[in-house]
Amino acid sequence: MAEPTPVQIFHTEEKRMQYRSSGFFLRVGLLVLFLVVPFLFPSFKTVDLAMQIIMFATLVASFDILLGYTGILSFGHGMFFGIGAYCVAFLIGKYGMPSYFNLALGFITAAVVASALALLISFLSLRVKAIFFAMITLAIAELAIVLATKLSGFSGGEDGISIFMPGIFAVSFTLGDLMGLEITGRVVTYYFILLFCLGLFLAMLRFTHSPLGRVLQAIRDNTQRAEALGYKTFLFQAISITFGCVVASIIGGLYAMWVAYVNPESCLGVLTIMLDVLLMVIIGGMGTLYGGIVGAAFLKISQTFLPDLQNLAKGLLPHAEFLHNILERWLLLFGILFILVVVFFPKGVIGSVRDYMAGRNRVLG
Amino acid sequence: MNDIILKVEGAHTFIGQHHILQGISFESKADAVTVLIGRNGAGKSTALRTVIGLLPSSEGRILFKGIEIQNKKPYQIARMGIGYVPENMGIFAELTVEENMRVAMLVEDGPAAQRLERTLDMFADLRKFWKAKAGNLSGGQKQMLAIARAIVNETSLLLIDEPSKGLAPILVDALIEAINQIKEHSVVVLVEQNFFMASTVGDYFYILDDGMVVHSGLMEELVRDEELKRRYLGISKAED
Amino acid sequence: MAETMFRRWGRELTIAGAIVLFLLPLIGIPGKTYLTLTIAGLAMGMLVFLVASGVSIIFGLMDVLNFAHGALFAWGAYVGFTVFKHLMNWVEADSVLQNLAVFFIAIVAAMLVVALLGIVLERVIVRRVYGFHLFQILITFGATIVLVELIRVFWGPNDEVMTVPLTFSRNWDIMDIVVYRYRVICIVIGLIVYGVIQLILKKTKLGMIVRAGVEDREMVQAMGHNIFLLFTGVFAVGAGLAALGGLAMSIFSLQVYPDMGGTYLLFAFIVVIIGGLGSVTGSLVGALIVGLAYNYVAYLVPWAAAGVNIMIMIIILLIRPTGLFPAGK
């Protein structure tokens with residue numbers, strides 16, 4: 001029996017320590033928190049907030065696979081999300097009856113369409129400089145919105161599509177009481193989406209920590225050297241981009257399940273979905289999948305309390321018209337916030353924390 | 001006249017996370033050519049780039065004619081009278097020879113025009129190809145242009161990085177000739193791997209290894225010291 | 001194979017291709033309409049050129065990717081709109097002199113205000129992200145949002161109608177062809193700007209330093225030039241040009257609206273891809289191609305108009321990714 005190599009020893013140690021570190025407990029704690037929200041805070045608003053955080057955290061993580069791990073900025077991620085939402089909406093709404101089969105089919109269709117488009121984008125990203133790629137994805141995303149709005153016969157246009165869930169997800173479904181909470185279709189949907197997102201998140205973690213993920217980071221950091229080492233960089237990047245985009249489309253489908261309504265503005269919109277994702281990934285931290293959780297939580301909570309903040313300001317300073325105007329324009333505030341974060345906290349919360357921890361370890365170790 | 005024109009004290013330079021210069025110190029005296037020699041990666045080019053300010057030094061001092069320059073920006077340093085000829089020559093290929101020279105000239109008055117004439121006297125080819133695109137010049141001519149640009153202002157210190165690299169031997173002779181002329185009114189700090197070039201033009205030497213100065217002294221002593229040459233420069237008697 | 005063929009005969013092929021492109025529509029379009037469309041296309045191209053040239057030079061010299069150029073374009077239009085509003089009697093007067101005067105004032109005001117905006121943008125924001133393309137895109141994207149929202153704050157969120165100075169809105173009747181005056185004015189503006197830029201670049205010392213900087217930023221610094229001042233200056237000029245484009249375009253299309261920068265920025269980027277980064281001539285050629293193609297196709301096959309330029313861009317990307325006139329880099 002051969003002696004374990006230093007690398008193997010390191011890996012086993014790492015795995016062992018993993019379950020003892022404070023980070024691990026934090027994550028488990030968070031998961032538990034999301035699990036009990038419907039029981040502890042059954043109000044619609046709170047459950048909705050929690051659900052949005054969960055979905056967007058996973059969406060942002062999928063975007064981070066492109067941005068932080070593959071080093072590619074695509075403004076089209078919102079579009080993939082929207083495609084997923086629309087695919088599901090089409091299959092159990094506009095073009096089909098609500099049924100488990102159609103629901104599953106919706107997700108599969110979303111994944112297939114997303115893969116095809118993602119491959120197209122990957123090829124494009126090869127040929128052009130970063131800014132042109134960003135611009136082109138933005139143009140394509142806006143084109144998608146225009147198409148969804150104009151081709152109203154096909155897509156339901158601006159009015160969008162309302163959908164009804166099948167079986168246990170239906171609004172009218174009920175399983176009776178459990179510990180004081182009525183298990184309605186909504187509750188079932190909540191846990192379904194939570195578990196699905198958890199699965200996706202774990203899959204993404206596995207992806208980035210796998211050998212494939214490490215090669216990707218090498219490619220991101222120094223493409224030429226990676227190529228010199230023999231890695232077909234394009235292949236890896238294409239896989240990575242496709243993975244991220246497919247996950248985004250699946251989350252879109254989940255979103256459709258939760259909100260039960262899709263329309264171009266709310267699902268495909270650049271300034272709605274894409275800007276939120278960008279803000280979240282910057283605040284949370286690029287290249288750290290967990291950043292999505294922090295960013296999503298921060299942004300969604302702020303958005304929920306923004307009207308209250310505006311009223312507070314109006315109450316405190318009733319005559320500052322200009323200030324009121326500025327606060328009305330929440331997009332302006334988010335834009336300024338965005339710039340400030342990029343300039344002063346480019347690593348985001350998680351990134352800065354990791355830096356701090358690494359710095360501490362270096363001093364101690 | 002043994003004024004110390006350039007004095008570098010304990011400079012540390014990082015490129016990213018790499019600690020390239022680990023506390024180097026050297027001086028350059030007036031009317032003399034100081035050569036920095038050493039193998040690849042020893043930090044010679046980095047040293048020059050730190051002096052001209054293209055790389056920030058994290059520690060130590062750099063004094064030019066007694067004034068501290070380690071915190072100045074490259075353009076401020078250049079305007080104090082320091083010329084720089086990088087390893088890749090830094091020729092503006094799309095501009096003509098004339099335009100290259102004009103970009104180099106910080107002022108364009110009477111005395112400046114005279115300096116230009118004198119510089120062109122030294123490098124006749126440049127006059128010949130005055131209106132040609134600099135990118136079309138031969139390797140040797142480009143090197144001449146690079147040096148001409150660096151000395152056309154009132155330069156008291158010239159930093160040249162491996163000028164003989166890739167030049168045919170006959171051009172190296174011309175190069176040596178030019179440097180001998182220049183050293184009459186400027187101080188030259190030369191980085192070289194070519195020992196023949198270094199020993200012919202140089203008056204003082206500093207051997208760099210792993211970002212530190214490991215030996216220094218008069219060039220004529222180095223020429224005679226076989227042990228030193230073999231240890232740090234990989235030159236044995238047979239090659240000389 | 002296409003790439004090597006292009007490398008040898010690049011210039012010739014381009015010219016041949018351009019001539020073909022230019023004359024092809026004659027097959028489907030009657031002569032007089034063709035001329036009208038051509039003028040419209042050239043005019044539109046010139047306006048896109050104004051924005052594209054700024055983007056091209058800024059990237060060429062500073063290696064900075066400026067997403068916010070579209071917002072600057074919109075600001076130029078709005079400043080011009082305000083000038084017109086306050087001098088409306090001059091705008092509506094039936095006097096070439098007064099019209100030209102108010103137009104001139106609007107141009108100067110728009111360019112100055114936006115150049116100032118550009119300087120603030122460059123010093124406060126862009127300067128911090130030199131060398132990091134990813135952050136530049138992000139930060140200028142954020143700046144775009146802020147700038148556009150500020151338009152909404154200062155001018156309100158609605159679309160506004162832009163009044164055309166009276167004498168500009170007329171036509172000339174040349175040999176039975178209707179030639180819109182304003183389009184010709186746009187073409188003239190574009191040519192003047194191109195001429196001035198080329199003059200400065202080729203004949204002045206400043207221009208030489210800029211061109212040298214496009215090739216080797218570091219070296220220009222080491223030769224004693226304050227490249228940071230140069231950067232700010234170039235950025236301001238680029239911003240000013242975008243403003244001019246925006247003002248001219250708003251008169252062209254008779255409206256101003258907060259998001260107007262978006263579409264034209266896309267066009268400008270397509271132009272820069274086609275023409276090559278860092279080359280003003282490339283921007284001009286690319287812009288004219290874009291303008292003409294758009295107008296011909298819009299007449300022949302209306303729904304394809306928006307797409308045709310993306311198609312051209314994709315073709316260029318496939319056979320010559322660096323653009324028609326790559327400079328320096």
# chains A, B, ... in the order shown; residues from 1 in each chain; ligands from 1
$ closest_atom_pairs --of "chain C" --to "chain A" --cutoff "10 Å" --atoms "only C-alpha atoms" --output "Markdown table"
| residue | atom | partner | partner_atom | distance |
| --- | --- | --- | --- | --- |
| C:Val64 | CA | A:Ile131 | CA | 9.7 |
| C:Leu65 | CA | A:Ile131 | CA | 6.4 |
| C:Asn66 | CA | A:Ile131 | CA | 8.6 |
| C:Phe67 | CA | A:Ile131 | CA | 8.1 |
| C:Val124 | CA | A:Val343 | CA | 9.9 |
| C:Ile125 | CA | A:Val343 | CA | 7.7 |
| C:Val126 | CA | A:Val343 | CA | 9.5 |
| C:Arg128 | CA | A:Val343 | CA | 7.1 |
| C:Val129 | CA | A:Val343 | CA | 7.9 |
| C:His133 | CA | A:Ala130 | CA | 7.3 |
| C:Leu134 | CA | A:Leu73 | CA | 7.2 |
| C:Phe135 | CA | A:Val342 | CA | 7.1 |
| C:Gln136 | CA | A:Ile131 | CA | 8.9 |
| C:Ile137 | CA | A:Ile131 | CA | 6.6 |
| C:Leu138 | CA | A:Val342 | CA | 7.6 |
| C:Ile139 | CA | A:Ile339 | CA | 5.6 |
| C:Thr140 | CA | A:Ile339 | CA | 8.3 |
| C:Phe141 | CA | A:Gly335 | CA | 8.6 |
| C:Gly142 | CA | A:Gly335 | CA | 5.1 |
| C:Ala143 | CA | A:Gly335 | CA | 6.9 |
| C:Thr144 | CA | A:Gly335 | CA | 8.3 |
| C:Ile145 | CA | A:Gly335 | CA | 5.6 |
| C:Val146 | CA | A:Leu332 | CA | 5.2 |
| C:Leu147 | CA | A:Leu332 | CA | 8.3 |
| C:Val148 | CA | A:Leu332 | CA | 8.4 |
| C:Glu149 | CA | A:Leu332 | CA | 5.5 |
| C:Leu150 | CA | A:Leu332 | CA | 7.3 |
| C:Arg152 | CA | A:Arg329 | CA | 8.6 |
| C:Val153 | CA | A:Asn325 | CA | 6.8 |
| C:Phe154 | CA | A:Asn325 | CA | 9.6 |
| C:Gly262 | CA | A:Ala139 | CA | 9.2 |
| C:Thr263 | CA | A:Ala139 | CA | 8.7 |
| C:Leu265 | CA | A:Met135 | CA | 8.9 |
| C:Leu266 | CA | A:Met135 | CA | 6.9 |
| C:Phe269 | CA | A:Phe132 | CA | 6.9 |
| C:Ile270 | CA | A:Phe132 | CA | 8.3 |
| C:Val272 | CA | A:Phe132 | CA | 9.3 |
| C:Ile273 | CA | A:Phe132 | CA | 7.8 |
| C:Ala306 | CA | A:Leu143 | CA | 9.9 |
| C:Gly307 | CA | A:Leu143 | CA | 9.9 |
| C:Ile310 | CA | A:Ile136 | CA | 9.0 |
| C:Ile314 | CA | A:Leu124 | CA | 9.0 |
| C:Leu317 | CA | A:Arg127 | CA | 6.7 |
| C:Leu318 | CA | A:Arg127 | CA | 7.7 |
| C:Arg320 | CA | A:Arg127 | CA | 9.8 |
| C:Pro321 | CA | A:Arg127 | CA | 6.8 |
| C:Thr322 | CA | A:Val128 | CA | 8.8 |
$ select_by_dssp --residues "region 59-178 of chain C" --states "alpha helix (DSSP H)" --output "PyMOL selection string"
chain C and resi 59-62+69-86+88-92+96-120+133-155
$ write_last_selection --atoms "C-alpha atoms" --output "tab-separated table (two decimals), in the first residue's frame"
chain	number	residue	atom	x	y	z
C	59	PHE	CA	-10.11	52.87	-26.36
C	60	GLY	CA	-7.12	53.19	-28.63
C	61	LEU	CA	-5.33	55.65	-26.39
C	62	MET	CA	-6.49	54.81	-22.94
C	69	HIS	CA	-20.86	57.14	-24.19
C	70	GLY	CA	-24.51	56.63	-25.05
C	71	ALA	CA	-25.62	58.53	-21.97
C	72	LEU	CA	-23.30	61.40	-22.91
C	73	PHE	CA	-24.92	61.38	-26.35
C	74	ALA	CA	-28.35	61.76	-24.73
C	75	TRP	CA	-27.12	64.54	-22.47
C	76	GLY	CA	-25.89	66.47	-25.50
C	77	ALA	CA	-29.33	66.25	-27.04
C	78	TYR	CA	-31.04	67.42	-23.88
C	79	VAL	CA	-28.73	70.38	-23.36
C	80	GLY	CA	-29.39	71.38	-26.94
C	81	PHE	CA	-33.10	70.96	-26.34
C	82	THR	CA	-32.93	73.37	-23.41
C	83	VAL	CA	-31.01	75.94	-25.44
C	84	PHE	CA	-33.63	75.75	-28.16
C	85	LYS	CA	-36.41	76.09	-25.63
C	86	HIS	CA	-34.96	79.31	-24.29
C	88	MET	CA	-37.28	79.45	-29.38
C	89	ASN	CA	-37.91	82.61	-31.30
C	90	TRP	CA	-34.56	82.21	-33.01
C	91	VAL	CA	-35.33	78.60	-33.78
C	92	GLU	CA	-38.65	79.43	-35.31
C	96	VAL	CA	-30.80	81.47	-41.86
C	97	LEU	CA	-28.59	83.65	-39.72
C	98	GLN	CA	-30.65	83.28	-36.58
C	99	ASN	CA	-31.13	79.58	-37.13
C	100	LEU	CA	-27.45	79.04	-37.61
C	101	ALA	CA	-26.68	81.18	-34.59
C	102	VAL	CA	-28.94	79.29	-32.24
C	103	PHE	CA	-27.70	75.99	-33.68
C	104	PHE	CA	-24.16	77.09	-33.04
C	105	ILE	CA	-24.92	78.16	-29.50
C	106	ALA	CA	-26.64	74.86	-28.83
C	107	ILE	CA	-23.64	72.96	-30.16
C	108	VAL	CA	-21.18	74.90	-28.04
C	109	ALA	CA	-23.33	74.58	-24.92
C	110	ALA	CA	-23.90	70.86	-25.41
C	111	MET	CA	-20.25	70.12	-26.09
C	112	LEU	CA	-19.01	72.15	-23.15
C	113	VAL	CA	-21.45	70.73	-20.62
C	114	VAL	CA	-20.90	67.16	-21.72
C	115	ALA	CA	-17.12	67.58	-21.97
C	116	LEU	CA	-17.23	68.74	-18.36
C	117	LEU	CA	-19.32	65.71	-17.49
C	118	GLY	CA	-16.76	63.60	-19.26
C	119	ILE	CA	-13.92	65.10	-17.25
C	120	VAL	CA	-15.73	64.41	-14.00
C	133	HIS	CA	-11.58	45.90	-18.52
C	134	LEU	CA	-14.20	44.02	-16.58
C	135	PHE	CA	-14.55	46.72	-13.98
C	136	GLN	CA	-14.54	49.40	-16.64
C	137	ILE	CA	-17.56	47.84	-18.29
C	138	LEU	CA	-19.31	47.46	-14.97
C	139	ILE	CA	-18.54	50.92	-13.74
C	140	THR	CA	-19.42	52.70	-16.97
C	141	PHE	CA	-22.61	50.66	-17.10
C	142	GLY	CA	-23.44	51.99	-13.65
C	143	ALA	CA	-22.52	55.49	-14.78
C	144	THR	CA	-24.90	55.14	-17.72
C	145	ILE	CA	-27.76	54.30	-15.39
C	146	VAL	CA	-26.96	57.23	-13.13
C	147	LEU	CA	-26.62	59.68	-16.03
C	148	VAL	CA	-29.85	58.58	-17.66
C	149	GLU	CA	-31.72	58.74	-14.39
C	150	LEU	CA	-30.34	62.23	-13.82
C	151	ILE	CA	-31.82	63.22	-17.17
C	152	ARG	CA	-35.14	62.03	-15.85
C	153	VAL	CA	-34.62	64.02	-12.67
C	154	PHE	CA	-33.68	67.24	-14.42
C	155	TRP	CA	-35.88	67.08	-17.47
$ residues_around --residues "Thr46 (chain B)" --least-positions-apart "6" --cutoff "9 Å" --atoms "only C-alpha atoms" --output "list in words"
Thr13, Ile15, Ile20, Leu21, Leu55 and Gly211 of chain B
$ interface_residues --of "chain B" --to "chain C" --cutoff "9 Å" --atoms "only C-alpha atoms" --output "VMD selection string"
chain B and resid 52 to 54 73 to 80 82 to 86 90 to 95 99 to 100 102 to 106 149 to 150
$ write_last_selection --atoms "C-alpha atoms" --output "PDB file, in the first residue's frame"
ATOM      1  CA  ILE B  52      12.399  56.022 -14.506  1.00  0.00           C
ATOM      2  CA  GLY B  53       9.299  55.479 -12.393  1.00  0.00           C
ATOM      3  CA  LEU B  54       7.419  53.038 -14.587  1.00  0.00           C
ATOM      4  CA  LYS B  73       5.691  60.070 -11.911  1.00  0.00           C
ATOM      5  CA  PRO B  74       7.595  58.910 -14.995  1.00  0.00           C
ATOM      6  CA  TYR B  75       6.932  62.065 -16.964  1.00  0.00           C
ATOM      7  CA  GLN B  76       8.196  64.228 -14.127  1.00  0.00           C
ATOM      8  CA  ILE B  77      11.344  62.125 -13.861  1.00  0.00           C
ATOM      9  CA  ALA B  78      11.924  62.281 -17.593  1.00  0.00           C
ATOM     10  CA  ARG B  79      11.589  66.044 -17.568  1.00  0.00           C
ATOM     11  CA  MET B  80      14.326  66.325 -14.998  1.00  0.00           C
ATOM     12  CA  ILE B  82      16.636  61.433 -17.665  1.00  0.00           C
ATOM     13  CA  GLY B  83      16.354  59.566 -20.932  1.00  0.00           C
ATOM     14  CA  TYR B  84      15.191  55.966 -21.201  1.00  0.00           C
ATOM     15  CA  VAL B  85      15.705  53.427 -23.945  1.00  0.00           C
ATOM     16  CA  PRO B  86      13.710  50.281 -23.155  1.00  0.00           C
ATOM     17  CA  GLY B  90       9.661  51.628 -27.768  1.00  0.00           C
ATOM     18  CA  ILE B  91       9.612  52.900 -31.324  1.00  0.00           C
ATOM     19  CA  PHE B  92       6.338  54.323 -32.551  1.00  0.00           C
ATOM     20  CA  ALA B  93       6.098  52.274 -35.698  1.00  0.00           C
ATOM     21  CA  GLU B  94       3.197  54.119 -37.297  1.00  0.00           C
ATOM     22  CA  LEU B  95       4.862  57.497 -36.896  1.00  0.00           C
ATOM     23  CA  GLU B  99       7.452  62.481 -35.723  1.00  0.00           C
ATOM     24  CA  ASN B 100       9.219  60.119 -33.338  1.00  0.00           C
ATOM     25  CA  ARG B 102       9.369  65.531 -32.362  1.00  0.00           C
ATOM     26  CA  VAL B 103       7.401  63.601 -29.782  1.00  0.00           C
ATOM     27  CA  ALA B 104      10.674  63.125 -27.949  1.00  0.00           C
ATOM     28  CA  MET B 105      11.551  66.798 -27.980  1.00  0.00           C
ATOM     29  CA  LEU B 106      10.033  68.488 -24.996  1.00  0.00           C
ATOM     30  CA  ARG B 149      15.096  60.181 -28.936  1.00  0.00           C
ATOM     31  CA  ALA B 150      16.459  59.720 -25.474  1.00  0.00           C
TER      32      ALA B 150
END
$ closest_residue --among "A:Tyr69, A:Phe243, A:Phe90, A:Phe63" --to "Gly213 (chain A)" --atoms "only C-alpha atoms"
A:Tyr69
$ residues_around --residues "Asp31 (chain B)" --least-positions-apart "3" --cutoff "7 Å" --atoms "only C-alpha atoms" --output "NGL selection string"
:B and (183-187)
$ write_last_selection --atoms "N, CA and C atoms" --output "short mmCIF file (atom, residue, chain, number, x, y, z; two decimals), in the first residue's frame"
data_model
loop_
_atom_site.label_atom_id
_atom_site.label_comp_id
_atom_site.auth_asym_id
_atom_site.auth_seq_id
_atom_site.Cartn_x
_atom_site.Cartn_y
_atom_site.Cartn_z
N LYS B 183 28.78 59.58 -23.72
CA LYS B 183 29.25 59.65 -22.34
C LYS B 183 30.10 60.88 -22.06
N GLU B 184 30.39 61.61 -23.12
CA GLU B 184 31.13 62.83 -22.88
C GLU B 184 30.29 63.89 -22.19
N HIS B 185 28.99 63.91 -22.43
CA HIS B 185 28.21 64.89 -21.66
C HIS B 185 27.05 64.31 -20.88
N SER B 186 26.85 63.01 -20.93
CA SER B 186 25.80 62.44 -20.07
C SER B 186 26.34 61.28 -19.31
N VAL B 187 25.66 61.00 -18.22
CA VAL B 187 25.97 59.78 -17.49
C VAL B 187 25.15 58.66 -18.10
#
$ atom_distance --atom1 "CA of Ile239 (chain A)" --atom2 "CA of Ala61 (chain A)"
15.9 Å
$ select_by_dssp --residues "region 177-211 of chain A" --states "strand (DSSP E)" --output "PyMOL selection string"
chain A and resi 177-178+181-184
$ residues_around --residues "Phe123 (chain A)" --least-positions-apart "5" --cutoff "12 Å" --atoms "only C-alpha atoms" --output "ChimeraX atom specification"
/A:116-118,128,133,233-239,241-242 /C:314,317-318
$ write_last_selection --atoms "C-alpha atoms" --output "tab-separated table (two decimals), in the first residue's frame"
chain	number	residue	atom	x	y	z
A	116	ALA	CA	-28.27	26.09	-27.77
A	117	LEU	CA	-28.12	29.82	-27.14
A	118	ALA	CA	-25.31	29.46	-24.67
A	128	VAL	CA	-14.52	39.63	-29.69
A	133	PHE	CA	-19.22	40.84	-26.15
A	233	THR	CA	-9.70	26.61	-23.49
A	234	PHE	CA	-12.66	27.13	-25.75
A	235	LEU	CA	-14.17	23.80	-24.81
A	236	PHE	CA	-13.90	24.49	-21.12
A	237	GLN	CA	-15.30	27.97	-21.44
A	238	ALA	CA	-18.18	26.73	-23.54
A	239	ILE	CA	-19.05	24.06	-20.97
A	241	ILE	CA	-21.02	29.16	-19.95
A	242	THR	CA	-23.59	26.56	-20.96
C	314	ILE	CA	-20.74	39.20	-37.62
C	317	LEU	CA	-15.86	39.28	-36.95
C	318	LEU	CA	-15.56	36.06	-38.86
$ atom_distance --atom1 "CA of Lys94 (chain A)" --atom2 "CA of Ile161 (chain A)"
7.1 Å
$ decode --residues "region 118-154 of chain B" --atoms "C-alpha atoms" --output "mmCIF file, in the first residue's frame"
data_model
loop_
_atom_site.group_PDB
_atom_site.id
_atom_site.type_symbol
_atom_site.label_atom_id
_atom_site.label_comp_id
_atom_site.auth_asym_id
_atom_site.auth_seq_id
_atom_site.Cartn_x
_atom_site.Cartn_y
_atom_site.Cartn_z
ATOM 1 C CA ARG B 118 23.899 67.356 -33.334
ATOM 2 C CA THR B 119 21.966 64.217 -32.563
ATOM 3 C CA LEU B 120 21.264 63.612 -36.220
ATOM 4 C CA ASP B 121 24.938 64.175 -36.967
ATOM 5 C CA MET B 122 25.640 61.214 -34.787
ATOM 6 C CA PHE B 123 23.116 58.996 -36.509
ATOM 7 C CA ALA B 124 23.258 59.774 -40.200
ATOM 8 C CA ASP B 125 20.720 57.149 -41.212
ATOM 9 C CA LEU B 126 18.007 58.953 -39.333
ATOM 10 C CA ARG B 127 18.428 61.986 -41.568
ATOM 11 C CA LYS B 128 18.235 59.776 -44.574
ATOM 12 C CA PHE B 129 14.984 58.170 -43.491
ATOM 13 C CA TRP B 130 13.543 61.293 -41.930
ATOM 14 C CA LYS B 131 10.117 60.980 -43.534
ATOM 15 C CA ALA B 132 9.917 57.206 -43.474
ATOM 16 C CA LYS B 133 7.683 55.272 -41.114
ATOM 17 C CA ALA B 134 9.719 54.188 -38.140
ATOM 18 C CA GLY B 135 8.321 50.705 -38.405
ATOM 19 C CA ASN B 136 10.055 50.241 -41.718
ATOM 20 C CA LEU B 137 13.538 50.809 -40.333
ATOM 21 C CA SER B 138 15.973 47.985 -39.801
ATOM 22 C CA GLY B 139 16.715 46.702 -36.329
ATOM 23 C CA GLY B 140 19.920 48.657 -36.019
ATOM 24 C CA GLN B 141 18.331 51.866 -37.252
ATOM 25 C CA LYS B 142 15.483 51.488 -34.788
ATOM 26 C CA GLN B 143 17.988 51.171 -31.997
ATOM 27 C CA MET B 144 19.689 54.344 -33.159
ATOM 28 C CA LEU B 145 16.351 56.133 -33.281
ATOM 29 C CA ALA B 146 15.527 54.964 -29.782
ATOM 30 C CA ILE B 147 18.796 56.330 -28.467
ATOM 31 C CA ALA B 148 18.503 59.528 -30.453
ATOM 32 C CA ARG B 149 15.096 60.181 -28.936
ATOM 33 C CA ALA B 150 16.459 59.720 -25.474
ATOM 34 C CA ILE B 151 19.326 62.171 -25.848
ATOM 35 C CA VAL B 152 17.744 64.918 -27.932
ATOM 36 C CA ASN B 153 16.655 66.833 -24.827
ATOM 37 C CA GLU B 154 19.109 68.127 -22.242
#
